[in-house]
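Structure first, then comments.
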Amino acid sequence: MAKGNKYGYNGAGGSFGGGGGMQSIMQQAQQMQQKLQQAQERLEELEVTGTSGGGMVTVTATGKKLVTGIKLNVDQDDFDDVEMLEDLILVAINDAYSKAQAEEDKVMAPFAAMKGLF
């Protein structure tokens with residue numbers, strides 16, 4: 001007859017039901033942490049663009065919302081309203097950030113329940 005009480009505890013290090021419960025949980029946690037790290041790396045490598053003014057301003061950013069470039073497609077002879085250009089740049093940045101956030105939400109969705117654990 002197998003040793004142990006009616007709950008499956010065998011008295012040998014806390015294994016219940018004969019399985020390696022804690023070890024299995026730790027392995028799963030390590031796998032999830034690796035997947036989370038891969039997702040974060042994917043966001044760092046992701047590149048999104050935001051535009052405004054019908055393509056007059058294009059902003060490039062990473063999935064982590066770091067602006068990496070601004071391109072202006074304006075003819076100085078036809079465009080002399082600096083305040084409008086500044087507004088277009090802000091709109092393009094916010095457009096890029098919005099796209100980056102949408103991608104981050106998709107990539108990080110599997111980890112939503114773990115928020116704050118890692």
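Chains: A, B, ... in order of the structure tokens. Residues: from 1 per chain. Ligands: from 1, in order shown.
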
Neighbours of Leu90 of chain A within 9 Å (only C-alpha atoms; same-chain residues fewer than 5 positions away dropped), as a PDB file with N, CA and C atoms, in the first residue's frame?
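Output file selection04.pdb is given in full below:
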ATOM      1  N   SER A  52       0.059  63.269 -41.089  1.00  0.00           N
ATOM      2  CA  SER A  52      -0.938  64.333 -40.987  1.00  0.00           C
ATOM      3  C   SER A  52      -0.773  65.262 -42.181  1.00  0.00           C
ATOM      4  N   LEU A  85       2.482  74.035 -39.129  1.00  0.00           N
ATOM      5  CA  LEU A  85       3.430  72.930 -39.274  1.00  0.00           C
ATOM      6  C   LEU A  85       3.676  72.253 -37.919  1.00  0.00           C
ATOM      7  N   ASP A  95      -0.645  60.254 -33.942  1.00  0.00           N
ATOM      8  CA  ASP A  95      -1.116  59.185 -34.821  1.00  0.00           C
ATOM      9  C   ASP A  95      -0.183  57.975 -34.718  1.00  0.00           C
TER      10      ASP A  95
END

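These are the residues of segment 25-76 of chain A assigned strand (DSSP E) by DSSP from backbone coordinates: Glu47, Val48, Thr49, Gly50, Thr51, Ser52, Val57, Thr58, Val59, Thr60, Ala61, Thr62, Val67, Thr68, Gly69, Ile70, Lys71 and Leu72 of chain A.
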
Close residues, segment 56-70 of chain A itself excluded, 12 Å, only C-alpha atoms, min 2 positions apart in chain, as a short mmCIF file (atom, residue, chain, number, x, y, z; two decimals) with C-alpha atoms, in the first residue's frame:
data_model
loop_
_atom_site.label_atom_id
_atom_site.label_comp_id
_atom_site.auth_asym_id
_atom_site.auth_seq_id
_atom_site.Cartn_x
_atom_site.Cartn_y
_atom_site.Cartn_z
CA ALA A 39 6.85 40.24 -26.89
CA GLN A 40 8.62 43.28 -25.45
CA GLU A 41 11.54 42.80 -27.86
CA ARG A 42 9.05 42.57 -30.72
CA LEU A 43 7.60 45.93 -29.69
CA GLU A 44 11.06 47.50 -29.60
CA GLU A 45 11.71 46.29 -33.16
CA LEU A 46 8.25 47.27 -34.44
CA GLU A 47 8.12 50.43 -36.54
CA VAL A 48 4.93 52.45 -37.04
CA THR A 49 4.31 55.64 -38.97
CA GLY A 50 1.88 58.42 -38.30
CA THR A 51 0.91 61.05 -40.84
CA SER A 52 -0.94 64.33 -40.99
CA GLY A 53 -1.74 67.06 -43.45
CA GLY A 54 -2.34 64.60 -46.27
CA LEU A 72 8.44 66.94 -43.80
CA ASN A 73 7.07 66.95 -47.32
CA VAL A 74 6.47 70.67 -47.78
CA ASP A 75 7.68 73.25 -50.25
CA GLN A 76 9.09 76.22 -48.37
CA PHE A 79 4.36 77.00 -46.85
CA MET A 84 0.34 75.04 -38.58
CA LEU A 85 3.43 72.93 -39.27
CA GLU A 86 3.99 72.47 -35.53
CA ASP A 87 0.37 71.33 -35.14
CA LEU A 88 0.78 68.88 -38.03
CA ILE A 89 3.89 67.42 -36.38
CA LEU A 90 1.99 66.92 -33.11
CA VAL A 91 -0.90 65.26 -34.92
CA ALA A 92 1.50 62.92 -36.76
CA ILE A 93 3.28 61.99 -33.50
CA ASN A 94 -0.03 61.25 -31.81
CA ASP A 95 -1.12 59.18 -34.82
CA ALA A 96 2.09 57.12 -34.60
CA TYR A 97 1.65 56.69 -30.83
CA SER A 98 -1.93 55.56 -31.31
CA LYS A 99 -0.81 52.92 -33.82
CA ALA A 100 2.01 51.82 -31.53
CA GLN A 101 -0.45 51.48 -28.62
CA ALA A 102 -2.80 49.38 -30.75
CA GLU A 103 0.07 47.06 -31.66
CA GLU A 104 1.22 46.89 -28.04
CA ASP A 105 -2.31 45.96 -26.95
CA LYS A 106 -2.33 43.11 -29.50
CA VAL A 107 1.13 41.83 -28.60
CA MET A 108 0.60 42.07 -24.85
#

Completion exercise
Expressed in Å, the length from atom CA of Phe111 of chain A to atom CA of Gln33 of chain A is 9.5 Å
